[in-house]
Amino acid sequence: MINIIGISGSLRKGSYNTALLKEAAEIGKGEIQIASIDEIPLYNGDVEAKSIPQSVLELQQKFKRADGILIASPEYNNGVPGVLKNTIDWLSRPATIIPEIFGGKPLAMMGASLSGFGTILSQTAWLQTWRLLHVNLWNEKMPFMVSRANTALDAEGRITDAKIRQNLQEYIEGFIAFVYAQTALNRSEEVQRLRSKP
Ligand code: FNR
């Protein structure tokens, strides 16, 4: 089994992005664990200088243990949502921890929005951050996004459109296969490294 951590960048109870992530986790059958960002405080360097908040430490532990990362991000004003960027910023502190949290880890993005353009601009804006954090961005498929989410998901947050459901299934299965392949590669490299030690 692999362990993919999934986070949604919306705090809203009826969030389409959280609903999408839950659908993905159902497809992932125990290999995708959703973590909440509700308790993450606003980043403040003075707070960091005293001690990293417990909620941040707990989320960092979950990221450290993860073989892969799945992000469901809304789009706000053609950019990234502040609460999610704030969470990623906390996760990257202190900067020496970045390789353990993000370094080389497979990451896939998805998003849902009310507009007809899905979340293409926020997903594009995220790329700069993923590049800096040296994630292993999964690019084999087109970015997954749901436009006009209010018509694609019902009041319970279930995808009603068969084509979108099928696309999500293929996207998640493809990402899981990628995480398996990368995890096997990393583990075999680790074995080689240990074997080559004198
Ligand atoms: C939005 N929304 C939005 N949608 C979009 O496609 N492009 C955009 O630039 C924006 N901008 C934007 C700014 C702000 C401040 C808000 C609150 C909303 C609409 C957005 O798609 C909608 O609120 C989604 O429902 C947000 O995702 P969740 O909360 O349903 O996951």
# chains A, B, ... in the order shown; residues from 1 in each chain; ligands from 1

call {"tool": "residues_near_ligand", "arguments": {"ligand": "ligand 1", "cutoff": "7 Å", "atoms": "only C-alpha atoms and all ligand atoms", "output": "ChimeraX atom specification"}}
result
/A:9-12,14-18,74-79,112-119

call {"tool": "select_by_dssp", "arguments": {"residues": "stretch 16-198 of chain A", "states": "alpha helix (DSSP H)", "output": "ChimeraX atom specification"}}
result
/A:16-28,45-50,54-65,82-91,98-101,120-132,149-152,162-195

call {"tool": "residues_around", "arguments": {"residues": "stretch 94-100 of chain A", "least_positions_apart": "6", "cutoff": "9 Å", "atoms": "only C-alpha atoms", "output": "CSV table (one decimal) with all heavy atoms, in the first residue's frame"}}
result
chain,number,residue,atom,x,y,z
A,48,GLU,N,6.5,31.6,14.5
A,48,GLU,CA,7.5,30.6,14.1
A,48,GLU,C,8.8,30.7,14.9
A,48,GLU,O,9.3,29.6,15.4
A,48,GLU,CB,7.9,30.7,12.6
A,48,GLU,CG,8.8,29.6,12.2
A,48,GLU,CD,9.5,29.8,10.9
A,48,GLU,OE1,9.1,30.7,10.1
A,48,GLU,OE2,10.4,29.0,10.6
A,52,ILE,N,6.7,26.3,16.4
A,52,ILE,CA,5.8,26.0,15.3
A,52,ILE,C,4.5,25.5,16.0
A,52,ILE,O,4.5,24.6,16.8
A,52,ILE,CB,6.4,25.0,14.4
A,52,ILE,CG1,7.7,25.6,13.9
A,52,ILE,CG2,5.4,24.6,13.2
A,52,ILE,CD1,8.0,25.6,12.4
A,63,PHE,N,2.6,14.8,6.2
A,63,PHE,CA,3.3,15.0,4.9
A,63,PHE,C,4.6,14.2,4.8
A,63,PHE,O,4.9,13.7,3.8
A,63,PHE,CB,3.5,16.5,4.6
A,63,PHE,CG,2.4,17.2,3.8
A,63,PHE,CD1,1.2,17.4,4.5
A,63,PHE,CD2,2.5,17.5,2.5
A,63,PHE,CE1,0.2,18.0,3.8
A,63,PHE,CE2,1.5,18.1,1.8
A,63,PHE,CZ,0.3,18.4,2.4
A,64,LYS,N,5.3,14.2,5.9
A,64,LYS,CA,6.6,13.4,5.9
A,64,LYS,C,6.3,12.0,5.7
A,64,LYS,O,7.1,11.3,5.0
A,64,LYS,CB,7.2,13.6,7.3
A,64,LYS,CG,8.0,14.8,7.5
A,64,LYS,CD,8.8,14.7,8.8
A,64,LYS,CE,9.2,16.1,9.3
A,64,LYS,NZ,9.7,16.1,10.6
A,65,ARG,N,5.2,11.4,6.2
A,65,ARG,CA,4.9,10.0,6.0
A,65,ARG,C,4.4,9.7,4.6
A,65,ARG,O,4.3,8.5,4.3
A,65,ARG,CB,3.9,9.5,7.1
A,65,ARG,CG,4.6,9.4,8.5
A,65,ARG,CD,3.6,8.6,9.4
A,65,ARG,NE,2.4,9.3,9.7
A,65,ARG,CZ,2.2,10.1,10.7
A,65,ARG,NH1,3.1,10.3,11.6
A,65,ARG,NH2,1.0,10.7,10.8
A,133,LEU,N,9.5,24.1,-4.4
A,133,LEU,CA,9.5,23.1,-3.4
A,133,LEU,C,10.1,21.7,-3.9
A,133,LEU,O,10.1,20.8,-3.1
A,133,LEU,CB,8.1,22.9,-2.8
A,133,LEU,CG,7.6,24.2,-2.1
A,133,LEU,CD1,6.1,24.0,-1.6
A,133,LEU,CD2,8.5,24.6,-0.9
A,134,HIS,N,10.4,21.7,-5.2
A,134,HIS,CA,11.0,20.5,-5.8
A,134,HIS,C,10.1,19.3,-5.7
A,134,HIS,O,10.6,18.2,-5.4
A,134,HIS,CB,12.4,20.2,-5.2
A,134,HIS,CG,13.4,21.3,-5.4
A,134,HIS,ND1,13.8,21.6,-6.7
A,134,HIS,CD2,14.0,22.1,-4.6
A,134,HIS,CE1,14.6,22.6,-6.6
A,134,HIS,NE2,14.8,22.9,-5.3
A,135,VAL,N,8.8,19.5,-5.9
A,135,VAL,CA,7.9,18.3,-5.9
A,135,VAL,C,8.1,17.6,-7.3
A,135,VAL,O,8.7,18.2,-8.2
A,135,VAL,CB,6.4,18.6,-5.7
A,135,VAL,CG1,6.2,19.4,-4.4
A,135,VAL,CG2,5.9,19.4,-6.9

call {"tool": "select_by_dssp", "arguments": {"residues": "stretch 69-187 of chain A", "states": "strand (DSSP E or B)", "output": "list of chain:residue names"}}
result
A:Ile69, A:Leu70, A:Ile71, A:Ala72, A:Tyr76, A:Gly79, A:Pro106, A:Leu107, A:Ala108, A:Met109, A:Met110, A:Gly111, A:Ala112, A:Asn136, A:Leu137, A:Phe144, A:Met145, A:Val146, A:Leu153, A:Ile159

call {"tool": "write_last_selection", "arguments": {"atoms": "N, CA, C and O atoms", "output": "mmCIF file, in the first residue's frame"}}
result
data_model
loop_
_atom_site.group_PDB
_atom_site.id
_atom_site.type_symbol
_atom_site.label_atom_id
_atom_site.label_comp_id
_atom_site.auth_asym_id
_atom_site.auth_seq_id
_atom_site.Cartn_x
_atom_site.Cartn_y
_atom_site.Cartn_z
ATOM 1 N N ILE A 69 1.231 13.452 -2.857
ATOM 2 C CA ILE A 69 0.415 14.583 -2.400
ATOM 3 C C ILE A 69 -0.650 14.879 -3.451
ATOM 4 O O ILE A 69 -0.333 14.986 -4.646
ATOM 5 N N LEU A 70 -1.904 15.005 -3.010
ATOM 6 C CA LEU A 70 -3.004 15.350 -3.923
ATOM 7 C C LEU A 70 -3.636 16.647 -3.421
ATOM 8 O O LEU A 70 -4.082 16.722 -2.281
ATOM 9 N N ILE A 71 -3.654 17.651 -4.288
ATOM 10 C CA ILE A 71 -4.137 18.981 -3.907
ATOM 11 C C ILE A 71 -5.408 19.312 -4.670
ATOM 12 O O ILE A 71 -5.436 19.206 -5.902
ATOM 13 N N ALA A 72 -6.456 19.699 -3.952
ATOM 14 C CA ALA A 72 -7.672 20.209 -4.597
ATOM 15 C C ALA A 72 -7.752 21.695 -4.273
ATOM 16 O O ALA A 72 -7.974 22.076 -3.120
ATOM 17 N N TYR A 76 -9.200 31.749 -6.772
ATOM 18 C CA TYR A 76 -9.729 33.032 -6.293
ATOM 19 C C TYR A 76 -9.070 34.162 -7.080
ATOM 20 O O TYR A 76 -7.834 34.269 -7.099
ATOM 21 N N GLY A 79 -6.190 33.495 -9.150
ATOM 22 C CA GLY A 79 -4.960 33.054 -8.484
ATOM 23 C C GLY A 79 -5.244 31.955 -7.475
ATOM 24 O O GLY A 79 -6.312 31.318 -7.492
ATOM 25 N N PRO A 106 5.749 12.799 -5.515
ATOM 26 C CA PRO A 106 4.738 12.943 -6.557
ATOM 27 C C PRO A 106 3.598 13.841 -6.060
ATOM 28 O O PRO A 106 3.123 13.673 -4.928
ATOM 29 N N LEU A 107 3.205 14.784 -6.897
ATOM 30 C CA LEU A 107 2.104 15.685 -6.543
ATOM 31 C C LEU A 107 1.178 15.831 -7.737
ATOM 32 O O LEU A 107 1.635 16.036 -8.859
ATOM 33 N N ALA A 108 -0.120 15.690 -7.481
ATOM 34 C CA ALA A 108 -1.124 15.920 -8.526
ATOM 35 C C ALA A 108 -2.087 16.998 -8.046
ATOM 36 O O ALA A 108 -2.382 17.088 -6.854
ATOM 37 N N MET A 109 -2.539 17.789 -8.999
ATOM 38 C CA MET A 109 -3.469 18.875 -8.677
ATOM 39 C C MET A 109 -4.818 18.616 -9.312
ATOM 40 O O MET A 109 -4.912 17.991 -10.359
ATOM 41 N N MET A 110 -5.831 19.156 -8.667
ATOM 42 C CA MET A 110 -7.146 19.220 -9.300
ATOM 43 C C MET A 110 -7.894 20.400 -8.709
ATOM 44 O O MET A 110 -7.423 21.024 -7.753
ATOM 45 N N GLY A 111 -9.027 20.724 -9.294
ATOM 46 C CA GLY A 111 -9.758 21.865 -8.774
ATOM 47 C C GLY A 111 -11.145 21.949 -9.371
ATOM 48 O O GLY A 111 -11.414 21.394 -10.432
ATOM 49 N N ALA A 112 -12.024 22.632 -8.635
ATOM 50 C CA ALA A 112 -13.393 22.851 -9.103
ATOM 51 C C ALA A 112 -13.734 24.317 -8.916
ATOM 52 O O ALA A 112 -13.357 24.924 -7.909
ATOM 53 N N ASN A 136 7.630 16.361 -7.325
ATOM 54 C CA ASN A 136 7.685 15.600 -8.572
ATOM 55 C C ASN A 136 6.280 15.702 -9.190
ATOM 56 O O ASN A 136 5.426 14.845 -8.958
ATOM 57 N N LEU A 137 6.055 16.776 -9.935
ATOM 58 C CA LEU A 137 4.709 17.063 -10.442
ATOM 59 C C LEU A 137 4.280 16.030 -11.472
ATOM 60 O O LEU A 137 5.022 15.750 -12.409
ATOM 61 N N PHE A 144 -6.563 18.113 -13.920
ATOM 62 C CA PHE A 144 -7.975 17.758 -13.736
ATOM 63 C C PHE A 144 -8.723 18.936 -13.136
ATOM 64 O O PHE A 144 -8.343 19.462 -12.088
ATOM 65 N N MET A 145 -9.807 19.331 -13.806
ATOM 66 C CA MET A 145 -10.595 20.443 -13.270
ATOM 67 C C MET A 145 -12.063 20.284 -13.632
ATOM 68 O O MET A 145 -12.389 19.674 -14.652
ATOM 69 N N VAL A 146 -12.884 20.818 -12.745
ATOM 70 C CA VAL A 146 -14.326 20.764 -12.953
ATOM 71 C C VAL A 146 -14.843 22.189 -13.094
ATOM 72 O O VAL A 146 -14.729 22.987 -12.160
ATOM 73 N N LEU A 153 -21.797 18.742 -9.591
ATOM 74 C CA LEU A 153 -21.911 18.022 -8.310
ATOM 75 C C LEU A 153 -23.283 18.320 -7.711
ATOM 76 O O LEU A 153 -23.826 19.416 -7.883
ATOM 77 N N ILE A 159 -20.439 13.637 -7.647
ATOM 78 C CA ILE A 159 -20.368 13.992 -9.073
ATOM 79 C C ILE A 159 -21.544 13.329 -9.792
ATOM 80 O O ILE A 159 -21.731 12.116 -9.696
#

call {"tool": "residues_around", "arguments": {"residues": "A:Ile34", "least_positions_apart": "3", "cutoff": "10 Å", "atoms": "only C-alpha atoms", "output": "list in words"}}
result
Ile4, Ile5, Gly6, Ile7, Ser8, Thr18, Leu21, Lys22, Ala24, Ala25, Glu31, Ile37, Leu70 and Ile71 of chain A

call {"tool": "closest_residue", "arguments": {"among": "A:Pro81, A:Gly104, A:Gly68, A:Pro53", "to": "A:Ala125", "atoms": "only C-alpha atoms"}}
result
A:Pro81

call {"tool": "closest_residue", "arguments": {"among": "A:Lys85, A:Lys29, A:Arg93, A:Lys163", "to": "A:Val56", "atoms": "only C-alpha atoms"}}
result
A:Arg93

call {"tool": "atom_distance", "arguments": {"atom1": "atom CA of A:Gln61", "atom2": "atom CA of A:Lys197"}}
result
28.1 Å
